[in-house]
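Novice: mmCIF, C-alpha atoms, saved as start19.cif, coming up:
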```cif
data_work
#
loop_
_atom_site.label_atom_id
_atom_site.label_comp_id
_atom_site.auth_asym_id
_atom_site.auth_seq_id
_atom_site.Cartn_x
_atom_site.Cartn_y
_atom_site.Cartn_z
CA MET A 81 -81.87 -62.57 29.95
CA THR A 82 -81.29 -64.69 26.88
CA ASP A 83 -80.03 -68.25 26.94
CA GLN A 84 -76.58 -68.47 25.39
CA ALA A 85 -77.72 -71.47 23.37
CA ASP A 86 -80.24 -69.26 21.63
CA PRO A 87 -79.11 -68.40 18.07
CA PHE A 88 -80.03 -64.76 18.68
CA ALA A 89 -77.97 -64.43 21.85
CA SER A 90 -74.79 -62.35 21.77
CA PRO A 91 -71.99 -64.51 20.34
CA ALA A 92 -68.54 -64.27 21.80
CA GLY A 93 -67.32 -62.54 18.64
CA ALA A 94 -69.88 -59.77 19.07
CA GLU A 95 -68.65 -58.49 22.42
CA PRO A 96 -68.50 -54.70 22.62
CA PRO A 97 -65.16 -53.00 22.04
CA PRO A 98 -63.12 -52.09 25.12
CA GLY A 99 -64.60 -49.10 26.91
CA CYS A 100 -67.94 -49.55 25.12
CA PRO A 101 -70.86 -49.18 27.61
CA ALA A 102 -72.78 -52.32 26.64
CA HIS A 103 -76.32 -52.68 27.95
CA ALA A 104 -77.08 -55.53 30.34
CA GLY A 105 -78.50 -58.50 28.47
CA ALA A 106 -77.93 -56.94 25.05
CA VAL A 107 -78.85 -59.24 22.15
CA SER A 108 -76.93 -59.41 18.89
CA MET A 109 -78.91 -58.43 15.81
CA THR A 110 -76.50 -60.29 13.54
CA GLY A 111 -77.61 -63.86 14.29
CA ALA A 112 -77.70 -66.10 11.24
CA GLU A 113 -81.33 -67.16 11.73
CA TYR A 114 -82.74 -63.70 12.25
CA PRO A 115 -83.44 -62.73 8.60
CA GLN A 116 -85.43 -65.93 8.06
CA THR A 117 -87.55 -65.63 11.23
CA PRO A 118 -87.48 -62.02 12.45
CA SER A 119 -90.78 -62.44 14.30
CA LYS A 120 -89.04 -64.93 16.61
CA LEU A 121 -86.47 -62.30 17.56
CA TYR A 122 -89.13 -59.65 18.17
CA ARG A 123 -91.18 -61.98 20.40
CA MET A 124 -88.08 -62.91 22.40
CA LEU A 125 -87.02 -59.29 22.83
CA ARG A 126 -90.51 -58.21 23.90
CA ARG A 127 -90.71 -61.07 26.37
CA ASP A 128 -87.32 -60.38 27.93
CA HIS A 129 -87.01 -56.61 27.59
CA GLY A 130 -90.37 -54.99 26.82
CA PRO A 131 -90.96 -52.36 24.12
CA VAL A 132 -87.36 -51.05 24.10
CA ALA A 133 -84.60 -53.66 23.96
CA PRO A 134 -80.81 -53.43 24.31
CA VAL A 135 -79.12 -54.80 21.18
CA LEU A 136 -75.68 -55.13 19.64
CA LEU A 137 -75.04 -54.05 16.05
CA ASP A 138 -72.17 -55.27 13.87
CA GLY A 139 -68.95 -55.47 15.82
CA GLY A 140 -70.76 -55.50 19.15
CA ILE A 141 -71.74 -51.82 19.02
CA PRO A 142 -74.60 -51.15 21.51
CA ALA A 143 -77.91 -49.57 20.53
CA TRP A 144 -81.56 -49.67 21.51
CA LEU A 145 -84.16 -51.41 19.33
CA VAL A 146 -87.54 -49.70 19.70
CA LEU A 147 -90.14 -52.46 19.30
CA GLY A 148 -93.39 -50.92 20.52
CA TYR A 149 -95.82 -49.17 18.20
CA THR A 150 -96.48 -46.46 20.78
CA GLU A 151 -92.76 -46.03 21.46
CA VAL A 152 -91.77 -45.79 17.77
CA THR A 153 -94.54 -43.25 17.25
CA TYR A 154 -93.30 -41.26 20.25
CA VAL A 155 -89.67 -41.28 19.10
CA THR A 156 -90.52 -40.19 15.57
CA SER A 157 -92.87 -37.47 16.86
CA HIS A 158 -90.33 -35.87 19.21
CA ASP A 159 -87.36 -34.68 17.20
CA GLU A 160 -86.36 -32.45 20.10
CA LEU A 161 -85.58 -35.60 22.13
CA PHE A 162 -84.59 -38.09 19.44
CA ALA A 163 -82.82 -36.30 16.61
CA ARG A 164 -81.38 -37.38 13.26
CA ASP A 165 -77.91 -35.81 13.32
CA SER A 166 -75.68 -38.84 13.89
CA ARG A 167 -72.76 -36.70 15.02
CA ARG A 168 -74.37 -36.87 18.48
CA TRP A 169 -73.54 -40.58 18.75
CA ASN A 170 -71.52 -41.51 21.81
CA GLN A 171 -69.94 -44.50 20.04
CA TRP A 172 -67.93 -42.88 17.26
CA GLU A 173 -64.60 -43.65 18.91
CA ASN A 174 -65.47 -47.35 18.64
CA ILE A 175 -66.54 -47.31 14.97
CA PRO A 176 -63.93 -48.57 12.45
CA GLN A 177 -63.57 -46.92 9.04
CA ASP A 178 -64.83 -50.05 7.27
CA TRP A 179 -67.86 -50.57 9.51
CA PRO A 180 -70.60 -52.05 7.27
CA LEU A 181 -73.31 -49.75 8.61
CA LEU A 182 -71.45 -46.52 7.85
CA PRO A 183 -73.62 -45.82 4.77
CA PHE A 184 -76.59 -45.72 7.18
CA VAL A 185 -75.09 -43.67 10.01
CA GLY A 186 -72.07 -41.76 8.69
CA TYR A 187 -73.09 -38.12 8.70
CA GLN A 188 -73.76 -36.70 5.25
CA PRO A 189 -75.13 -33.25 4.36
CA SER A 190 -78.36 -34.87 3.18
CA VAL A 191 -81.99 -34.41 4.10
CA LEU A 192 -81.78 -37.58 6.20
CA PHE A 193 -79.53 -35.93 8.80
CA THR A 194 -80.93 -32.39 8.79
CA GLU A 195 -83.14 -31.05 11.55
CA GLY A 196 -85.60 -28.22 12.20
CA ASP A 197 -85.98 -25.50 9.58
CA GLU A 198 -83.17 -26.92 7.44
CA HIS A 199 -84.92 -30.28 7.28
CA ARG A 200 -88.21 -28.65 6.34
CA ARG A 201 -86.44 -26.71 3.57
CA ARG A 202 -84.76 -29.79 2.13
CA ALA A 203 -87.79 -32.06 2.52
CA GLY A 204 -89.93 -29.40 0.86
CA VAL A 205 -87.75 -29.51 -2.25
CA ILE A 206 -88.13 -33.30 -2.47
CA THR A 207 -91.87 -33.08 -1.91
CA ASP A 208 -92.32 -30.48 -4.65
CA ALA A 209 -90.10 -32.42 -7.07
CA LEU A 210 -92.01 -35.66 -6.50
CA GLU A 211 -95.36 -33.90 -6.77
CA GLY A 212 -94.32 -33.00 -10.30
CA VAL A 213 -94.47 -36.70 -11.24
CA ASP A 214 -97.71 -37.43 -13.08
CA GLN A 215 -99.08 -40.62 -11.51
CA PHE A 216 -100.91 -41.64 -14.69
CA GLU A 217 -97.76 -41.21 -16.76
CA LEU A 218 -95.75 -43.11 -14.16
CA SER A 219 -98.23 -45.98 -14.24
CA ASN A 220 -98.14 -46.07 -18.03
CA GLU A 221 -94.32 -46.03 -18.12
CA CYS A 222 -94.24 -48.80 -15.55
CA LEU A 223 -96.78 -50.79 -17.59
CA LEU A 224 -94.73 -50.45 -20.79
CA ILE A 225 -91.55 -51.57 -19.05
CA ALA A 226 -93.41 -54.46 -17.38
CA ASP A 227 -94.81 -55.64 -20.72
CA ASP A 228 -91.32 -55.49 -22.28
CA LEU A 229 -89.81 -57.55 -19.46
CA ILE A 230 -92.61 -60.11 -19.38
CA ALA A 231 -92.33 -60.59 -23.15
CA ARG A 232 -88.69 -61.63 -22.70
CA PHE A 233 -89.54 -64.68 -20.58
CA ALA A 234 -93.22 -65.33 -21.36
CA GLY A 235 -92.40 -67.95 -24.01
CA SER A 236 -90.23 -70.03 -21.68
CA GLY A 237 -92.90 -70.90 -19.14
CA GLN A 238 -90.63 -70.04 -16.23
CA ALA A 239 -88.87 -67.07 -14.64
CA GLU A 240 -87.02 -65.93 -11.55
CA LEU A 241 -89.05 -62.83 -10.80
CA MET A 242 -86.56 -60.98 -8.59
CA ALA A 243 -83.86 -60.83 -11.27
CA ASP A 244 -85.94 -61.13 -14.45
CA TYR A 245 -88.75 -58.76 -13.56
CA VAL A 246 -89.04 -56.88 -10.27
CA HIS A 247 -85.59 -55.37 -9.72
CA VAL A 248 -85.15 -54.48 -13.38
CA LEU A 249 -88.62 -52.94 -13.55
CA LEU A 250 -88.02 -50.72 -10.52
CA MET A 251 -84.51 -49.83 -11.66
CA ARG A 252 -85.65 -48.68 -15.06
CA THR A 253 -88.68 -46.82 -13.71
CA VAL A 254 -86.94 -44.99 -10.86
CA VAL A 255 -83.81 -43.89 -12.73
CA GLN A 256 -85.95 -42.72 -15.65
CA MET A 257 -88.07 -40.69 -13.21
CA CYS A 258 -84.86 -39.03 -11.97
CA GLY A 259 -83.55 -38.30 -15.47
CA MET A 260 -81.02 -41.11 -15.97
CA PRO A 261 -81.08 -43.50 -18.95
CA SER A 262 -83.29 -46.46 -18.05
CA THR A 263 -80.98 -48.97 -19.73
CA GLY A 264 -77.27 -49.47 -20.32
CA ASP A 265 -74.23 -50.77 -18.47
CA ASP A 266 -73.71 -47.48 -16.66
CA THR A 267 -77.18 -47.60 -15.16
CA LEU A 268 -76.84 -51.28 -14.26
CA ARG A 269 -73.58 -50.60 -12.41
CA PHE A 270 -75.21 -47.69 -10.58
CA VAL A 271 -78.16 -49.77 -9.37
CA ASP A 272 -75.88 -52.63 -8.33
CA ASP A 273 -73.75 -50.21 -6.31
CA LEU A 274 -76.91 -48.87 -4.71
CA ARG A 275 -77.93 -52.42 -3.74
CA ILE A 276 -74.50 -53.13 -2.24
CA SER A 277 -74.51 -49.91 -0.23
CA LEU A 278 -77.91 -50.80 1.26
CA ASP A 279 -77.65 -54.58 1.58
CA ALA A 280 -74.12 -55.86 0.95
CA GLY A 281 -73.49 -59.55 0.43
CA GLU A 282 -70.43 -61.47 1.55
CA GLY A 283 -67.25 -60.01 0.08
CA GLU A 284 -68.93 -56.77 -1.05
CA ASP A 285 -67.79 -53.33 0.13
CA PRO A 286 -70.80 -51.12 0.98
CA VAL A 287 -68.68 -48.06 1.79
CA ALA A 288 -66.92 -48.11 -1.59
CA ALA A 289 -70.22 -48.77 -3.39
CA TYR A 290 -71.82 -45.79 -1.64
CA GLY A 291 -68.96 -43.61 -2.87
CA ARG A 292 -69.52 -44.72 -6.47
CA VAL A 293 -73.25 -43.97 -6.17
CA GLY A 294 -72.42 -40.42 -5.13
CA GLU A 295 -69.98 -39.92 -8.01
CA ARG A 296 -72.53 -41.08 -10.61
CA LEU A 297 -75.15 -38.73 -9.22
CA ARG A 298 -72.70 -35.82 -9.25
CA GLN A 299 -72.30 -36.46 -12.94
CA LEU A 300 -76.09 -36.54 -13.39
CA VAL A 301 -76.53 -33.27 -11.49
CA LYS A 302 -73.87 -31.62 -13.64
CA GLU A 303 -75.67 -32.79 -16.78
CA LYS A 304 -79.07 -31.57 -15.57
CA ARG A 305 -77.70 -28.26 -14.40
CA ALA A 306 -76.55 -27.68 -18.00
CA VAL A 307 -79.61 -29.16 -19.73
CA PRO A 308 -82.70 -29.47 -17.46
CA GLY A 309 -85.49 -31.88 -18.33
CA PRO A 310 -88.93 -32.98 -17.09
CA ASP A 311 -87.51 -35.07 -14.25
CA VAL A 312 -87.09 -35.09 -10.47
CA THR A 313 -83.42 -34.07 -10.57
CA SER A 314 -84.06 -31.01 -12.73
CA ARG A 315 -86.98 -29.89 -10.56
CA MET A 316 -84.78 -30.15 -7.47
CA LEU A 317 -82.06 -28.08 -9.13
CA MET A 318 -84.48 -25.39 -10.28
CA HIS A 319 -86.39 -25.17 -6.99
CA PRO A 320 -86.48 -21.64 -5.47
CA ALA A 321 -84.98 -23.02 -2.24
CA GLY A 322 -81.67 -22.92 -4.11
CA LEU A 323 -80.04 -26.19 -3.08
CA THR A 324 -76.37 -26.59 -3.94
CA ASP A 325 -75.32 -29.32 -6.35
CA GLU A 326 -73.93 -31.40 -3.48
CA GLU A 327 -77.15 -31.03 -1.50
CA VAL A 328 -79.12 -32.27 -4.51
CA VAL A 329 -76.71 -35.21 -4.92
CA GLN A 330 -77.11 -36.24 -1.29
CA ASP A 331 -80.89 -35.91 -1.37
CA LEU A 332 -81.13 -37.80 -4.66
CA ILE A 333 -79.34 -40.71 -3.02
CA SER A 334 -82.07 -40.74 -0.39
CA VAL A 335 -84.85 -40.52 -2.97
CA ILE A 336 -83.51 -43.26 -5.24
CA ALA A 337 -82.51 -45.58 -2.40
CA ALA A 338 -85.96 -45.27 -0.83
CA ALA A 339 -87.76 -45.79 -4.14
CA GLN A 340 -85.83 -48.64 -5.73
CA GLN A 341 -84.99 -51.55 -3.44
CA PRO A 342 -87.74 -51.16 -0.81
CA THR A 343 -90.41 -50.94 -3.51
CA ALA A 344 -88.93 -53.94 -5.32
CA ASN A 345 -89.09 -55.97 -2.11
CA TRP A 346 -92.64 -54.73 -1.48
CA ILE A 347 -93.63 -56.10 -4.89
CA CYS A 348 -91.94 -59.46 -4.40
CA ASN A 349 -93.23 -59.90 -0.86
CA THR A 350 -96.72 -59.20 -2.18
CA LEU A 351 -96.33 -61.70 -5.02
CA ARG A 352 -95.16 -64.28 -2.50
CA LEU A 353 -98.28 -63.64 -0.39
CA LEU A 354 -100.60 -63.88 -3.39
CA LEU A 355 -98.98 -67.13 -4.56
CA THR A 356 -98.83 -68.86 -1.19
CA ASP A 357 -101.89 -67.74 0.79
CA GLU A 358 -105.11 -69.57 0.00
CA ARG A 359 -107.15 -66.49 0.88
CA PHE A 360 -106.01 -64.96 -2.40
CA ALA A 361 -105.92 -68.09 -4.56
CA VAL A 362 -109.49 -67.92 -5.86
CA ASN A 363 -109.35 -64.33 -7.03
CA VAL A 364 -105.67 -63.71 -7.71
CA SER A 365 -105.76 -63.50 -11.52
CA GLY A 366 -106.63 -59.94 -12.36
CA GLY A 367 -108.16 -59.53 -8.90
CA ARG A 368 -107.42 -55.88 -8.29
CA LEU A 369 -109.14 -55.82 -4.91
CA SER A 370 -107.04 -58.78 -3.79
CA VAL A 371 -103.87 -57.10 -5.01
CA GLY A 372 -104.65 -53.96 -3.04
CA GLU A 373 -105.37 -55.98 0.10
CA ALA A 374 -102.17 -57.97 -0.32
CA LEU A 375 -100.04 -54.84 -0.84
CA ASN A 376 -101.36 -53.31 2.36
CA GLU A 377 -101.09 -56.54 4.37
CA VAL A 378 -97.44 -56.89 3.38
CA LEU A 379 -96.75 -53.44 4.79
CA TRP A 380 -98.09 -54.70 8.12
CA LEU A 381 -96.53 -58.18 8.16
CA ASP A 382 -93.48 -58.21 5.87
CA THR A 383 -92.60 -54.56 5.45
CA PRO A 384 -89.57 -54.07 3.16
CA THR A 385 -87.80 -51.76 5.63
CA GLN A 386 -87.69 -53.90 8.76
CA ASN A 387 -85.48 -51.68 10.90
CA PHE A 388 -84.19 -48.16 10.40
CA ILE A 389 -81.10 -46.70 12.00
CA GLY A 390 -81.66 -44.38 13.58
CA ARG A 391 -82.28 -41.62 16.04
CA TRP A 392 -79.83 -40.24 18.59
CA ALA A 393 -80.90 -39.11 22.05
CA VAL A 394 -80.45 -35.36 22.51
CA ARG A 395 -80.32 -35.74 26.31
CA ASP A 396 -80.93 -38.36 28.98
CA VAL A 397 -84.53 -39.52 28.71
CA GLN A 398 -86.88 -42.33 29.74
CA LEU A 399 -88.45 -44.48 27.02
CA GLY A 400 -90.42 -47.67 27.48
CA GLY A 401 -89.10 -48.08 31.00
CA ARG A 402 -85.49 -47.68 29.86
CA GLN A 403 -82.98 -45.01 30.75
CA ILE A 404 -81.66 -43.69 27.43
CA LYS A 405 -78.40 -41.75 27.72
CA ALA A 406 -77.58 -38.66 25.68
CA GLY A 407 -75.95 -39.75 22.44
CA ASP A 408 -77.37 -43.29 22.50
CA CYS A 409 -78.47 -44.72 19.15
CA LEU A 410 -82.04 -45.90 18.71
CA VAL A 411 -82.99 -48.28 15.90
CA LEU A 412 -86.60 -47.91 14.78
CA GLY A 413 -88.10 -51.41 14.73
CA LEU A 414 -90.75 -50.68 12.11
CA ALA A 415 -91.61 -54.34 11.48
CA ALA A 416 -91.82 -55.11 15.19
CA ALA A 417 -94.00 -52.05 15.81
CA ASN A 418 -96.37 -53.04 13.02
CA THR A 419 -96.97 -56.41 14.71
CA ASP A 420 -97.04 -55.09 18.28
CA PRO A 421 -99.59 -57.21 20.22
CA GLN A 422 -100.66 -54.03 22.03
CA ILE A 423 -102.31 -52.83 18.81
CA TRP A 424 -103.42 -56.34 17.74
CA PRO A 425 -104.52 -57.73 21.13
CA GLU A 426 -106.18 -60.82 19.69
CA GLY A 427 -103.15 -61.74 17.62
CA HIS A 428 -104.83 -60.85 14.33
CA VAL A 429 -102.75 -58.62 12.07
CA GLY A 430 -104.18 -57.77 8.69
CA ALA A 431 -104.93 -55.13 6.11
CA GLU A 432 -107.86 -53.42 7.79
CA ASN A 433 -106.24 -49.99 7.74
CA ALA A 434 -103.13 -48.11 6.69
CA ALA A 435 -101.91 -46.95 10.12
CA HIS A 436 -98.72 -49.01 9.80
CA LEU A 437 -95.32 -47.39 10.30
CA SER A 438 -93.75 -48.78 7.13
CA PHE A 439 -93.14 -45.28 5.80
CA SER A 440 -92.11 -44.12 9.31
CA ASN A 441 -93.81 -41.23 11.05
CA GLY A 442 -93.36 -37.56 11.92
CA GLU A 443 -91.30 -34.96 10.06
CA HIS A 444 -88.75 -37.53 8.90
CA ARG A 445 -91.29 -39.93 7.38
CA CYS A 446 -91.23 -40.51 3.63
CA PRO A 447 -92.29 -37.24 1.92
CA TYR A 448 -96.01 -37.28 1.18
CA PRO A 449 -95.94 -38.11 -2.56
CA ALA A 450 -93.38 -40.92 -2.17
CA PRO A 451 -95.73 -43.59 -0.72
CA LEU A 452 -98.29 -42.78 -3.43
CA LEU A 453 -95.71 -43.15 -6.20
CA ALA A 454 -94.41 -46.38 -4.68
CA ASP A 455 -97.96 -47.71 -4.58
CA VAL A 456 -98.47 -46.82 -8.26
CA MET A 457 -95.32 -48.72 -9.26
CA ALA A 458 -96.01 -51.69 -7.00
CA ARG A 459 -99.66 -52.07 -7.97
CA THR A 460 -98.90 -51.73 -11.69
CA ALA A 461 -96.09 -54.30 -11.49
CA VAL A 462 -98.19 -56.88 -9.65
CA GLU A 463 -101.40 -56.43 -11.61
CA THR A 464 -99.66 -56.46 -15.00
CA LEU A 465 -97.79 -59.67 -14.22
CA LEU A 466 -100.92 -61.47 -13.01
CA GLU A 467 -102.99 -60.29 -15.95
CA ARG A 468 -100.38 -61.34 -18.54
CA LEU A 469 -99.62 -64.70 -16.86
CA PRO A 470 -102.93 -65.72 -15.21
CA ASP A 471 -101.84 -69.25 -14.21
CA LEU A 472 -98.65 -68.15 -12.49
CA VAL A 473 -97.54 -70.52 -9.69
CA LEU A 474 -94.46 -70.97 -7.53
CA ALA A 475 -91.81 -73.28 -9.02
CA VAL A 476 -90.73 -74.42 -5.53
CA GLU A 477 -92.45 -75.22 -2.28
CA PRO A 478 -93.18 -72.08 -0.21
CA GLU A 479 -90.87 -73.21 2.58
CA GLU A 480 -87.96 -73.37 0.10
CA LEU A 481 -88.04 -69.62 -0.47
CA VAL A 482 -85.08 -67.91 1.23
CA TRP A 483 -85.06 -64.39 2.66
CA ARG A 484 -82.07 -62.15 2.11
CA PRO A 485 -79.60 -62.23 5.04
CA SER A 486 -80.33 -58.69 6.17
CA ILE A 487 -81.65 -57.24 9.42
CA TRP A 488 -82.63 -54.04 7.64
CA MET A 489 -84.44 -55.08 4.47
CA ARG A 490 -87.07 -57.83 4.12
CA GLY A 491 -86.87 -59.40 0.67
CA LEU A 492 -86.45 -62.77 -1.02
CA MET A 493 -83.24 -64.00 -2.57
CA GLU A 494 -85.25 -65.49 -5.44
CA LEU A 495 -88.88 -65.96 -6.47
CA PRO A 496 -88.97 -68.74 -9.11
CA VAL A 497 -92.31 -69.26 -10.89
CA GLN A 498 -93.87 -71.37 -13.61
CA PHE A 499 -96.73 -70.69 -16.02
CA THR A 500 -98.13 -71.74 -19.35
CA PRO A 501 -95.79 -70.43 -22.08
CA VAL A 502 -97.24 -67.51 -24.00
CA VAL A 503 -96.67 -67.53 -27.76
CA GLN A 504 -95.79 -64.04 -28.93
#
```
Would you give me this structure, written as structure tokens?
Specialist:
Amino acid sequence: MTDQADPFASPAGAEPPPGCPAHAGAVSMTGAEYPQTPSKLYRMLRRDHGPVAPVLLDGGIPAWLVLGYTEVTYVTSHDELFARDSRRWNQWENIPQDWPLLPFVGYQPSVLFTEGDEHRRRAGVITDALEGVDQFELSNECLLIADDLIARFAGSGQAELMADYVHVLLMRTVVQMCGMPSTGDDTLRFVDDLRISLDAGEGEDPVAAYGRVGERLRQLVKEKRAVPGPDVTSRMLMHPAGLTDEEVVQDLISVIAAAQQPTANWICNTLRLLLTDERFAVNVSGGRLSVGEALNEVLWLDTPTQNFIGRWAVRDVQLGGRQIKAGDCLVLGLAAANTDPQIWPEGHVGAENAAHLSFSNGEHRCPYPAPLLADVMARTAVETLLERLPDLVLAVEPEELVWRPSIWMRGLMELPVQFTPVVQ
């Protein structure tokens, strides 16, 4: 059991709704300190509950957090036991219309919630559309955009990389890949709505933002249906599987959401590692081997998608010593699984291999080309910045960097840097 003085313990305001079958000893995942020190939460949960822990989501809604590497792998490999269709959830009667996690769990006719043959059909369309992206062209487009952005602040000797470089770079690259204009107020509003729907700040409405994202993509699909182009959206529309316009819209949301913000956070988390870890200090400037090692290590230690909601139990089943009831929600603790001491028995976690679960596992993992394309964008962004600004350093002390207040995404609020001004 957790001590009530612990900041991660269930606060009084997070008690389950009446009639909600809360788990014994459930721990709130909405504690204020959690986003800054998630490893502390994972250690506590493992100590007190083992590889599968009872947790409370926003509003005191009960769920299971799957912490163990073996257990996450098992859940994602057995769709017949732990399925993606959220309509199975036994908590819907307790979920308010404005629940902040609805964009994650509210059933949509998208590839994320399909199962069996229908999932394979929809995922196959995404895979084929992404395989049509030329990786060399993508790298070159990313390089050109990176150079343009760096040129805007290179003469000042300082920059805030999240706002000035990383998010803009990924936004322009991803929307261009999908056939949208890479610049303009319309695109900026779209990307901001996407951010809010995935990681809303105080006072922001993720449900409304998600609705606006869908409307903008419906407009894009209509445009591409009339005039196809060499882009992901057009290839999805022209695929022989014959997806409807609404199916393409829903699956595009998944593609863009997975490509934009998580990849941006992957880049920034990697830059943070390169700029703060002395192992990389000697060979950081233009050190391509170091960049590759850092990118992979971040996927183990600071993966952008910390937790993913979720899977829903098809029937009563045992998992990690827990009795999971039919309809229970399971949150995939990807970050916790990646640092599971059972796979790193000596406490050493590093970049020795790529067997992490950062892109999930099983049929519902990221479609095969997606991790490769994300790696192209991330590697190009990091290497180009370090090559153009070789004496780049943090403008604050490492401990002053603040993580975003999110239990789902791992990313910095800001990454301020300094460097010698470059005369254009």
Novice: For the file shown, report as a ChimeraX atom specification the outcome of the PyMOL selection byres ((chain A and resi 293-301) around 12) at residue level.
Specialist: /A:183,188,190,255-256,258-261,266-278,286-292,302-309,311-318,323-337
Novice: For C-alpha atoms, I'd like the residues from the last selection saved as a CSV table (one decimal), in the frame of the given file.
Specialist:
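Below is the file out_17.csv, written as the result:
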```
chain,number,residue,atom,x,y,z
A,183,PRO,CA,-73.6,-45.8,4.8
A,188,GLN,CA,-73.8,-36.7,5.2
A,190,SER,CA,-78.4,-34.9,3.2
A,255,VAL,CA,-83.8,-43.9,-12.7
A,256,GLN,CA,-86.0,-42.7,-15.6
A,258,CYS,CA,-84.9,-39.0,-12.0
A,259,GLY,CA,-83.6,-38.3,-15.5
A,260,MET,CA,-81.0,-41.1,-16.0
A,261,PRO,CA,-81.1,-43.5,-19.0
A,266,ASP,CA,-73.7,-47.5,-16.7
A,267,THR,CA,-77.2,-47.6,-15.2
A,268,LEU,CA,-76.8,-51.3,-14.3
A,269,ARG,CA,-73.6,-50.6,-12.4
A,270,PHE,CA,-75.2,-47.7,-10.6
A,271,VAL,CA,-78.2,-49.8,-9.4
A,272,ASP,CA,-75.9,-52.6,-8.3
A,273,ASP,CA,-73.8,-50.2,-6.3
A,274,LEU,CA,-76.9,-48.9,-4.7
A,275,ARG,CA,-77.9,-52.4,-3.7
A,276,ILE,CA,-74.5,-53.1,-2.2
A,277,SER,CA,-74.5,-49.9,-0.2
A,278,LEU,CA,-77.9,-50.8,1.3
A,286,PRO,CA,-70.8,-51.1,1.0
A,287,VAL,CA,-68.7,-48.1,1.8
A,288,ALA,CA,-66.9,-48.1,-1.6
A,289,ALA,CA,-70.2,-48.8,-3.4
A,290,TYR,CA,-71.8,-45.8,-1.6
A,291,GLY,CA,-69.0,-43.6,-2.9
A,292,ARG,CA,-69.5,-44.7,-6.5
A,302,LYS,CA,-73.9,-31.6,-13.6
A,303,GLU,CA,-75.7,-32.8,-16.8
A,304,LYS,CA,-79.1,-31.6,-15.6
A,305,ARG,CA,-77.7,-28.3,-14.4
A,306,ALA,CA,-76.6,-27.7,-18.0
A,307,VAL,CA,-79.6,-29.2,-19.7
A,308,PRO,CA,-82.7,-29.5,-17.5
A,309,GLY,CA,-85.5,-31.9,-18.3
A,311,ASP,CA,-87.5,-35.1,-14.2
A,312,VAL,CA,-87.1,-35.1,-10.5
A,313,THR,CA,-83.4,-34.1,-10.6
A,314,SER,CA,-84.1,-31.0,-12.7
A,315,ARG,CA,-87.0,-29.9,-10.6
A,316,MET,CA,-84.8,-30.2,-7.5
A,317,LEU,CA,-82.1,-28.1,-9.1
A,318,MET,CA,-84.5,-25.4,-10.3
A,323,LEU,CA,-80.0,-26.2,-3.1
A,324,THR,CA,-76.4,-26.6,-3.9
A,325,ASP,CA,-75.3,-29.3,-6.4
A,326,GLU,CA,-73.9,-31.4,-3.5
A,327,GLU,CA,-77.2,-31.0,-1.5
A,328,VAL,CA,-79.1,-32.3,-4.5
A,329,VAL,CA,-76.7,-35.2,-4.9
A,330,GLN,CA,-77.1,-36.2,-1.3
A,331,ASP,CA,-80.9,-35.9,-1.4
A,332,LEU,CA,-81.1,-37.8,-4.7
A,333,ILE,CA,-79.3,-40.7,-3.0
A,334,SER,CA,-82.1,-40.7,-0.4
A,335,VAL,CA,-84.8,-40.5,-3.0
A,336,ILE,CA,-83.5,-43.3,-5.2
A,337,ALA,CA,-82.5,-45.6,-2.4
```
Novice: Starting from the shown file, work through the PyMOL selection byres ((chain A and resi 491) around 10) and note down what comes out as an MDAnalysis selection string.
Specialist: chainID A and resid 115:116 242 341:342 344:349 382:386 482:486 488:490 492:495
Novice: Against range 170-177 of chain A, which residues of range 367-457 of chain A fall within 12 Å? For each one I want the closest pair of atoms and the distance in Å (one decimal), counting all atoms listed in the file, rows by chain and increasing residue number, as a tab-separated table.
Specialist:
```
residue	atom	partner	partner_atom	distance
A:Trp392	CA	A:Asn170	CA	9.0
A:Ala393	CA	A:Asn170	CA	9.7
A:Val394	CA	A:Asn170	CA	10.9
A:Arg395	CA	A:Asn170	CA	11.4
A:Ile404	CA	A:Asn170	CA	11.8
A:Lys405	CA	A:Asn170	CA	9.1
A:Ala406	CA	A:Asn170	CA	7.7
A:Gly407	CA	A:Asn170	CA	4.8
A:Asp408	CA	A:Asn170	CA	6.2
A:Cys409	CA	A:Asn170	CA	8.1
A:Leu410	CA	A:Asn170	CA	11.8
```
Novice: A:Val476, A:Leu250, A:Val411, A:Ala143: which is nearest Leu453 in chain A, counting only C-alpha atoms?
Specialist: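 Result for the nearest residue to Leu453 in chain A: A:Leu250.
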Novice: Would you please work out which residue, of A:Leu229, A:Ala243, A:Ile487, A:Leu469, is nearest to Ser108 in chain A when using all atoms listed in the file?
Specialist: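 Using all atoms listed in the file, Ser108 in chain A sits closest to A:Ile487.
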Novice: What do you get, as a PyMOL selection string, if you spell out every residue that the PyMOL selection byres ((chain A and resi 146) around 8) selects here?
Specialist: chain A and resi 131-133+144-145+147-148+151-152+410-413+417
Novice: Which is closest to Gly322 in chain A among A:Phe162, A:Leu121, A:Gly140, A:Arg201, if we use all atoms listed in the file?
Specialist: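 Once distances to Gly322 in chain A are computed over all atoms listed in the file, the minimum belongs to A:Arg201.
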Novice: What are the centre and the three edge lengths of an axis-aligned box that wraps all atoms of range 457-464 of chain A in the file, given that 3 Å is added to every side, written as AutoDock Vina command-line options and rounded to one decimal in Å?
Specialist:
```
--center_x -98.4 --center_y -52.8 --center_z -11.0 --size_x 12.1 --size_y 14.2 --size_z 14.0
```
Novice: Grab the CA of Arg164 in chain A to CA of Gly130 in chain A distance for me, in Å with one decimal place.
Specialist: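 Computed distance, CA of Arg164 in chain A to CA of Gly130 in chain A, equals 24.0 Å.
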